[in-house]
Amino acid sequence: MKKRILPLILAILMAVTLLAACADESTPATTDGDTPAAPPSDDVTVLTMWSFVETHLEYFYRAADLWNAANPDRQVYIDGQHVPWGQIWENLQMALTVGEGAPDLIDIEIGQAEMYLNVPPGHVPLLPQNDALAPYLPYLVMARVDPYTAHGNIYGVCYHIGAVMMFYNQSLFDEAGLDWREIVTWDDFIAMGQLMKERTGAYMVNLDSNLFGWHPLVAQQHFQYVSEDGQPRLDSPEAIRALQLMHDMIYVYEIARVMPGYELDSEEHYAAFNNGNHASLWAPAWFLERFPRVMPDLQGNLAVGPLPVFEAGNNRSSSAGGTMTAVTNQVAPENAELALDFVAFAKGNREAAMMQWTLLGFDPIRWDIFEDPAMLAPSPAVDFFGVEFAQMFFDLLFEIQAETGSIDEMRPHSFHIREHIIQHVMPATIRANDMSPAEALAEAQEILERELD
Amino acid sequence: MSSQTAIQGIPKRRKKITRQQIAPYLFVSPFIISFLVFLAYPLVQAFTLSFQQLIPFSMDFEWVGLDNFRRVLIDHRFFSALWNVARYTFWTCVILIPVPMFIAFIVNSKFTKCKSLIRSLLFIPVLTSTIIAGIVFQHMFSSEPGGAFNEFVALFGINPVRWLHQPGTAMFALVFIAVWRWTGVNMIYFLSGLNNVPQELYESAEVDGASGMQKFFFITTPMLKPIIIFVLTISITAGFALFNEPYVFWGTTSPQDIGTTVVILIYRAAFMLNDFGYAATLGVTLFFIVMIVNMLQLKIMGLFRKDD
Amino acid sequence: MGLQGKRRILTAINTTMLLALGVLILTPFLFMILGSLTPPRDIFAHGLGLRLPENVTISNYEALFVVRDGIYWRFFFNSVFVTAVTTAAVLVFTSMTGYGLGQYVFKGRNFLIILLLCTMMVPGTILLLPIFRMLMTFGLIDTHAGIILPAMVPSFAIFFFRQFCVGLPKDFAEAARIDGAGETRIFTQIYVPMMMPAYGAMAILTGMGVWNDFLWPMIVLRTTEMLTIAPGLLMSMSPYGNQWDIIFAGSVMSVVPIVILFLFNQRAFIDGLTVGGVKG
């Protein structure tokens, strides 16, 4: 009897392992709880979608409702799956490389988009949306379409403009007896910052030492630090001037601090800004979405204004961050046209685009809805910030819509160059005062030139 | 007739011999199969891949000759990474051999009580995953004054330190976790070695009036040489392959590359940039470096000496 | 002071110092538990230090059941499954091989032992990509089999069992052979019982390694629902994850079972390790 024990164990093991493999394959990918309950029937086309943000999926479920109401003969159902950041890019790259396993629709963050768009023509694993978008293009802020354009094709549209604005802590200004509306240039900003610190002890601003601090200041001077053929231009006056300003705010005028946690989206920064000890913050408008969730103490206390400028002719804003929704080349051929039409509708349709504010709390990409009274109607954002703020916000958006040019993150080697700046330039100049901005940028330029030959 | 019995006898004997001869091969077959499938074949593949480049979004590879290796040579992040793991390996070896050896020596001493409790306590850290230990230490090494390590240095009047954002302290943090985790394990290895040291050696030394320290340096240390070699080998291999802790602390981009390791670069190239060929090249380069370091170490430690 | 007194003092010093070290080494666990009782926002605002949290909360533990419908327990049971199967497989295969290498003299044995030692020096990470491609070919990506199969025959464990078996007497096998016992039977009925301490030690070492493994599961497993604890918890740290509340509570819960398992078996475990030993 016992003689057979070893083969028996082996057999059981093999069986268990195999069973495990089989069980794995048969486990259906469970979707999130908030998927609309309506079971898809035969005449409804199911489109799968991945996103790293759950509310983006919610947006698409509602967009599908709008679409279905308008297109009774072309019904869609979105089968959404939330995939955490990091994992989503690995999975997507692999699925698109292997040729199977990718969803029909995919959210691609702007910093990742280069990986999919900056490949030789014919290798982009996404479908062009040019035709489907044509009816909406006249209404869209083109600055938000250009980043997702490659080889003359548009592969997706953003959820927002990501217009960079100056957010002010109103009660601190009241306390100091200062009016932020008087700020036009960065010099004004610094001068008022010194008064602010003198009168209240509060820092004027928290600086992001990733790229959300520096990019807008470079972009507002109409400058690109990566040339079109992918060469770095970090030692240029514009790049240095922007970094020097940030550096001086901290180490010369002492009106600013590096953000705890070092970047805009870090829990440490949320905690610090929520304390109310910082008078202002420049950030893309989508950052508003964070306030109700993680900085609740600032309810009703924010005001918003344009970005100060270095000199006349500079943009008073820029745009930063973003996520496009693309159709992958793995969509079933018979569904491709529907998928493209639907995605274009979801981002570009007037009613759908309104949800970018009313549902997501972002600055919408359609300029013709900025002045629509519906934007002031109750919504999570309006409830939190107040109608007055919403009015100020949309007036500003309307005013600066032509001034939202951004750093083009799709140029060759952009990913590499950005990574180098984050890792080497920012720590040495902003987080610590180890090198002057000019030195650090010149050194980075030299290293990158050598590496990118 | 006699020949027939002989014939009958031979197959019988031969059969028995055969069975006993085949048995060991069957017993070791799992190793041979796993070696071929999960080591030899992938190793060959890794070498092949290092001369290739993936064509974007296809499963096709093109031959690029030595291009990938040329890229390694001009990649400043690779050299930062190599410098980091070399220092890390150096410090872990320098600390994680003598210290656990000394602790094992004391634990093993007849003047120590509660031996099994002590052994267990020291062993517990290694039961936690490096990820979980990493998350906990990340917040203990917080730059804020309320982080555990800043609370500690404050006792000496030192201002809060940005532990994970400066080169020296970042390396300290990495080595600290390693020491915390592995002291207990290495101590157990040395304890097992100490069991093989004949007690008579100590007794005769005591008769000669040797002190505890003298016994440690002149009896224990030489007798533990095989264990030292073993621990050195696994420490070098693991040190150069460092990934988990820096990945938890900094992800793939750390300020001034203070937390970049070769494996982090491999991971980044392969799974973030889809640059399989380059990732494989980094892997092959690491392989040769680790092999060379280990061979040197073994040679210096005298493993290949014939008289051993 | 007599010799007796001196010895007593030495014993006291040795023991207290070591016990103090043992307690000191456990402090991170204290921080972990404190962290699990603190609202995540407080940890970010102040760091994790030695102070009682202002707002003690057990909501982090409740979150384990709430966040994404208790996804944490999916991670947990995936880990249990993978650990159990891998450990069982490792024990069977490596003890067989170790026994073969330690108890038999056969052609190629020394070659295999040298090969074994060499494989221990290969950094596993360089094989990441080729094995990943191989798993892809066999459709094993995103399956638990994909992380179990490559981990079933670790060289380290073979080497350990081999060292253990070298020390076992050979006479039993000879006697059994004369009685007509087969080779399998000699192994399972005579040697396996003798190797029990080694099994105990390896079970804990392997189990611990698999339970805590990170890089390979993170690469192979693609669906959130398939993840094991370590990568699962790290995923919750993503910038858009906002699931900080489950991290410390989840860490505590993942450490508890393995510590309990260890404490129950620690005697057998450490004895097994030290008896087996590593002989050059």
# chains A, B, ... in the order shown; residues from 1 in each chain; ligands from 1
>>> residues_around(residues="Val126 in chain B", least_positions_apart="4", cutoff="10 Å", atoms="only C-alpha atoms", output="PDB file with C-alpha atoms, in the first residue's frame")
ATOM      1  CA  LEU B 122      15.919  37.070  15.762  1.00  0.00           C
ATOM      2  CA  THR B 130      10.272  42.660   1.708  1.00  0.00           C
ATOM      3  CA  ALA B 133       8.802  45.578   5.477  1.00  0.00           C
ATOM      4  CA  ALA B 178      18.786  44.055   4.906  1.00  0.00           C
ATOM      5  CA  TRP B 180      17.223  43.793  10.077  1.00  0.00           C
ATOM      6  CA  ARG B 181      15.851  41.018   7.888  1.00  0.00           C
ATOM      7  CA  TRP B 182      18.824  38.751   7.428  1.00  0.00           C
ATOM      8  CA  THR B 183      20.719  38.808  10.722  1.00  0.00           C
ATOM      9  CA  GLY B 184      18.541  36.033  12.116  1.00  0.00           C
ATOM     10  CA  VAL B 185      18.831  33.806   9.077  1.00  0.00           C
TER      11      VAL B 185
ATOM     12  CA  LEU C 205      11.644  28.416   4.461  1.00  0.00           C
ATOM     13  CA  MET C 208       7.817  31.905   3.670  1.00  0.00           C
ATOM     14  CA  GLY C 209       9.575  32.608   0.382  1.00  0.00           C
ATOM     15  CA  ASN C 212       6.296  36.832   0.357  1.00  0.00           C
TER      16      ASN C 212
END
>>> atom_distance(atom1="CA of His247 in chain A", atom2="CA of Ile430 in chain A")
5.6 Å
>>> closest_atom_pairs(of="chain A", to="chain B", cutoff="10 Å", atoms="only C-alpha atoms", output="CSV")
residue,atom,partner,partner_atom,distance
A:Gly86,CA,B:Met272,CA,8.4
A:Gln87,CA,B:Phe271,CA,9.6
A:Trp89,CA,B:Met272,CA,6.9
A:Glu90,CA,B:Phe271,CA,5.6
A:Asn91,CA,B:Phe271,CA,8.8
A:Gln93,CA,B:Asn274,CA,6.9
A:Met94,CA,B:Asn274,CA,8.0
A:Ala95,CA,B:Phe57,CA,8.9
A:Leu96,CA,B:Phe57,CA,5.8
A:Thr97,CA,B:Phe57,CA,4.1
A:Val98,CA,B:Met59,CA,6.1
A:Gly99,CA,B:Ser58,CA,7.2
A:Gln112,CA,B:Met272,CA,9.2
A:Met115,CA,B:Leu273,CA,7.0
A:Tyr116,CA,B:Phe57,CA,8.5
A:Asn118,CA,B:Pro56,CA,9.8
A:Val119,CA,B:Pro56,CA,6.8
A:Pro120,CA,B:Pro56,CA,8.2
A:His123,CA,B:Phe57,CA,6.5
A:Val124,CA,B:Phe57,CA,7.6
A:Pro125,CA,B:Phe57,CA,6.7
A:Pro260,CA,B:Glu144,CA,8.5
A:Gly261,CA,B:Ser143,CA,8.9
A:Glu268,CA,B:Glu144,CA,9.7
A:Phe415,CA,B:Leu273,CA,9.7
A:Glu419,CA,B:Thr253,CA,7.2
A:His420,CA,B:Gln256,CA,8.6
A:Ile421,CA,B:Gln256,CA,9.5
A:Ile422,CA,B:Pro255,CA,7.2
A:Gln423,CA,B:Pro255,CA,4.4
A:His424,CA,B:Gln256,CA,4.7
A:Val425,CA,B:Gln256,CA,8.2
A:Met426,CA,B:Pro255,CA,8.2
A:Pro427,CA,B:Pro255,CA,5.9
A:Ala428,CA,B:Gln256,CA,8.0
A:Arg431,CA,B:His165,CA,8.9
A:Ala432,CA,B:Gln166,CA,9.5
A:Ile447,CA,B:His76,CA,8.1
A:Leu448,CA,B:His76,CA,9.5
A:Arg450,CA,B:Ile74,CA,7.7
A:Glu451,CA,B:Ile74,CA,6.0
A:Leu452,CA,B:Ile74,CA,9.2
A:Asp453,CA,B:Ile74,CA,9.6
>>> closest_atom_pairs(of="range 70-187 of chain C", to="range 276-291 of chain B", cutoff="9 Å", atoms="only C-alpha atoms", output="JSON lines")
{"residue": "C:Met121", "atom": "CA", "partner": "B:Met291", "partner_atom": "CA", "distance": 7.1}
{"residue": "C:Val122", "atom": "CA", "partner": "B:Phe287", "partner_atom": "CA", "distance": 6.7}
{"residue": "C:Pro123", "atom": "CA", "partner": "B:Phe287", "partner_atom": "CA", "distance": 6.6}
{"residue": "C:Thr125", "atom": "CA", "partner": "B:Gly283", "partner_atom": "CA", "distance": 7.3}
{"residue": "C:Ile126", "atom": "CA", "partner": "B:Gly283", "partner_atom": "CA", "distance": 4.5}
{"residue": "C:Leu127", "atom": "CA", "partner": "B:Gly283", "partner_atom": "CA", "distance": 7.9}
{"residue": "C:Leu128", "atom": "CA", "partner": "B:Ala280", "partner_atom": "CA", "distance": 8.8}
{"residue": "C:Leu129", "atom": "CA", "partner": "B:Ala280", "partner_atom": "CA", "distance": 7.0}
{"residue": "C:Pro130", "atom": "CA", "partner": "B:Ala280", "partner_atom": "CA", "distance": 8.5}
>>> atom_distance(atom1="CA of Pro121 in chain A", atom2="CA of Ile88 in chain A")
24.1 Å
>>> interface_residues(of="chain C", to="chain A", cutoff="6 Å", atoms="only C-alpha atoms", output="MDAnalysis selection string")
chainID C and resid 44:45 143 145 185 238
>>> residues_around(residues="Phe273 in chain A", least_positions_apart="6", cutoff="9 Å", atoms="only C-alpha atoms", output="list in words")
Asn206, Met259, Leu281, Met295 and Leu298 of chain A
>>> residues_around(residues="Pro257 in chain C", least_positions_apart="3", cutoff="12 Å", atoms="only C-alpha atoms", output="list in words")
Leu127 and Thr128 of chain B; Phe76, Phe77, Ser79, Val80, Ile204, Gly207, Met208, Trp211, Gly250, Ser251, Val252, Met253, Ser254, Ile260, Leu261, Phe262, Leu263 and Phe264 of chain C
>>> select_by_dssp(residues="range 137-184 of chain B", states="alpha helix (DSSP H)", output="list in words")
Phe137, Gln138, His139, Met140, Ala148, Phe149, Asn150, Glu151, Phe152, Val153, Ala154, Pro167, Gly168, Thr169, Ala170, Met171, Phe172, Ala173, Leu174, Val175, Phe176, Ile177, Ala178, Val179, Trp180, Arg181, Trp182, Thr183 and Gly184 of chain B
>>> closest_residue(among="C:Thr87, C:Ser59, C:Gln243, C:Thr11", to="chain B", atoms="only C-alpha atoms")
C:Thr11
